[in-house]
Amino acid sequence: MDQHQELHNIGDSTVCRAVHSCPAICRATSSGLPLRSSNPPIVDTLGKEVLAFTDKEICTRAMTTSTTVAENVGRREVSARSVVSIRGVSKSFGATLAVDRVDLDLHSSEVHALVGENGAGKSTLMRVLAGFHSDYSGTIAVDGEQTQILHPRQARALGIALVHQELSLLPEMTVAENIFLGREPYGTIPGVISRRAMQERSRALFRELGIQLDAAARVDRLSIAERQLVEIAKGVSANPRVLIFDEPTSSLTYHETRELFRVISGLTAKGTAIVYISHKLDEIFAVAHRVTVLRDGARVASAPVDEWTQARLVNAMVGRDLSALFPRTPSAPGEVRLEVRNLTRRGAFRSVSFHVRAREVVGLYGLIGSGRT
């Protein structure tokens, strides 16, 4: 064990601690989830795992299982060479300026987080890069060579792939057919697509990603979470040089999110540049090397993740302190406006009881498939 590490058993939890002076990354080998340092304490709400960061610790990983094995892994060097350079890119929809003269550099082996409020321009900027909006202004350079990206096929040829927030799958086709759409392998007969080859490659990809999917299943028979996994597999299958994840964990369980982070770690090890868009700040601090903030379509700040705190990041996103966003106002719950007792739907939920009072907010919490919706 490295001299900077020590393991402590607390009840059923194994906690890995690394002092702040050590440049290493703590990682639990059973999950492959890379954790990066940050100054403020952060609590991760993904399942039962807690991530906490302080000035004296790079990370504290408290697992609910005592079988977790921890190892010290050196921080991967990020290439100084830009794979993609965006300069002064703007995009309007009618009179609405969605992206306003944004500069952005993407480096190989780097996870570059793009954050901001809804409508800040994050997805629009990445859709410009992925070829979905050809009517933009500004310049894009790939490997130092300026190019105008006019179509998604052109972007893919340049090694740029986008995992969409809005699922772009064809429901009538199989999982394998969606993954290799436009890149179908041929069999021994010229011009004839080999569905067997598609399914075999899809299964190999699923094993690599650590996900359980039937390559021959029709997409319209999959859950939303499973469709999100297909979208992710489709992006990874292209072996892109730049892979953009737009809110990839919005429909994923804790286990699936952990597997995605393992995949991202493997991609950066091979030199892939990752763009990661998410509203979940715990994920940003866990996986990103650099964070860029957009507000009202413009870039307002960009810095390595170690230079951010949660409060500073929120302030950059919204333009004011966190305390101003959610001021505490006295509000005494009133009379019961809705009462539910023993609500049951066969196969979905059973014996659910709750009540909602005036002037209160009641939250329903649970994993995907638990029956909330």
# chains A, B, ... in the order shown; residues from 1 in each chain; ligands from 1
$ closest_atom_pairs --of "range 196-263 of chain A" --to "range 128-151 of chain A" --cutoff "12 Å" --atoms "only C-alpha atoms" --output "JSON lines"
{"residue": "A:Gly235", "atom": "CA", "partner": "A:Ala130", "partner_atom": "CA", "distance": 11.8}
{"residue": "A:Pro240", "atom": "CA", "partner": "A:Ala130", "partner_atom": "CA", "distance": 11.5}
{"residue": "A:Arg241", "atom": "CA", "partner": "A:Val142", "partner_atom": "CA", "distance": 10.3}
{"residue": "A:Val242", "atom": "CA", "partner": "A:Ala130", "partner_atom": "CA", "distance": 9.7}
{"residue": "A:Leu243", "atom": "CA", "partner": "A:Ala130", "partner_atom": "CA", "distance": 9.6}
{"residue": "A:Ile244", "atom": "CA", "partner": "A:Ala130", "partner_atom": "CA", "distance": 8.6}
{"residue": "A:Phe245", "atom": "CA", "partner": "A:Ala130", "partner_atom": "CA", "distance": 11.5}
{"residue": "A:Asp246", "atom": "CA", "partner": "A:Ala130", "partner_atom": "CA", "distance": 11.8}
$ residues_around --residues "Glu335 in chain A" --least-positions-apart "4" --cutoff "9 Å" --atoms "only C-alpha atoms" --output "MDAnalysis selection string"
chainID A and resid 356:359
$ write_last_selection --atoms "C-alpha atoms" --output "PDB file, in the first residue's frame"
ATOM      1  CA  VAL A 356     -50.052  16.540   1.173  1.00  0.00           C
ATOM      2  CA  ARG A 357     -50.727  19.698   3.136  1.00  0.00           C
ATOM      3  CA  ALA A 358     -51.139  23.263   1.962  1.00  0.00           C
ATOM      4  CA  ARG A 359     -47.896  25.250   1.723  1.00  0.00           C
TER       5      ARG A 359
END
$ closest_residue --among "A:Ala288, A:Asp103, A:Gly119, A:Arg346" --to "Ala301 in chain A" --atoms "only C-alpha atoms"
A:Asp103
$ atom_distance --atom1 "CA of Lys280 in chain A" --atom2 "CA of Leu104 in chain A"
21.2 Å
$ residues_around --residues "Ser278 in chain A" --least-positions-apart "2" --cutoff "10 Å" --atoms "only C-alpha atoms" --output "PyMOL selection string"
chain A and resi 113-117+122+245-250+275-276+280-284
$ atom_distance --atom1 "CA of Phe285 in chain A" --atom2 "CA of Val305 in chain A"
6.7 Å
$ closest_residue --among "A:Glu184, A:Ser90, A:Val111, A:Val236" --to "Val287 in chain A" --atoms "only C-alpha atoms"
A:Val111
$ closest_residue --among "A:Val102, A:Thr373, A:Ser331, A:Arg218" --to "Thr292 in chain A" --atoms "only C-alpha atoms"
A:Val102
$ atom_distance --atom1 "CA of Ala332 in chain A" --atom2 "CA of Gly371 in chain A"
29.6 Å
$ residues_around --residues "range 188-196 of chain A" --least-positions-apart "6" --cutoff "12 Å" --atoms "only C-alpha atoms" --output "MDAnalysis selection string"
chainID A and resid 173:182 202:203 215:216
$ write_last_selection --atoms "C-alpha atoms" --output "compact mmCIF listing (two decimals), in the first residue's frame"
# COMPACT_ATOMS: atom_id res chain seq x y z
CA MET A 173 -35.33 -1.66 -35.06
CA THR A 174 -33.26 -3.94 -32.82
CA VAL A 175 -30.63 -2.82 -30.35
CA ALA A 176 -27.81 -3.99 -32.63
CA GLU A 177 -29.34 -2.33 -35.71
CA ASN A 178 -29.55 0.99 -33.86
CA ILE A 179 -25.96 0.80 -32.63
CA PHE A 180 -24.56 0.19 -36.12
CA LEU A 181 -27.05 2.29 -38.07
CA GLY A 182 -25.17 3.76 -41.03
CA SER A 202 -22.94 -5.57 -29.91
CA ARG A 203 -22.56 -8.37 -27.35
CA ALA A 215 -28.73 -7.21 -28.89
CA ALA A 216 -31.64 -8.82 -30.77
$ closest_residue --among "A:Gln199, A:Gly347, A:Leu162, A:Gly366" --to "Tyr254 in chain A" --atoms "only C-alpha atoms"
A:Gly366
$ select_by_dssp --residues "range 106-139 of chain A" --states "helix (DSSP H, G or I)" --output "number ranges by chain"
A: 122-129
$ write_last_selection --atoms "C-alpha atoms" --output "PDB file, in the first residue's frame"
ATOM      1  CA  LYS A 122     -24.499  23.704 -23.472  1.00  0.00           C
ATOM      2  CA  SER A 123     -26.389  21.232 -25.655  1.00  0.00           C
ATOM      3  CA  THR A 124     -26.663  23.688 -28.547  1.00  0.00           C
ATOM      4  CA  LEU A 125     -22.901  24.262 -28.571  1.00  0.00           C
ATOM      5  CA  MET A 126     -22.224  20.530 -28.616  1.00  0.00           C
ATOM      6  CA  ARG A 127     -24.805  19.962 -31.344  1.00  0.00           C
ATOM      7  CA  VAL A 128     -22.932  22.537 -33.426  1.00  0.00           C
ATOM      8  CA  LEU A 129     -19.739  20.542 -32.882  1.00  0.00           C
TER       9      LEU A 129
END
$ closest_residue --among "A:Arg258, A:His289, A:Arg341, A:Arg221" --to "Leu170 in chain A" --atoms "only C-alpha atoms"
A:Arg221
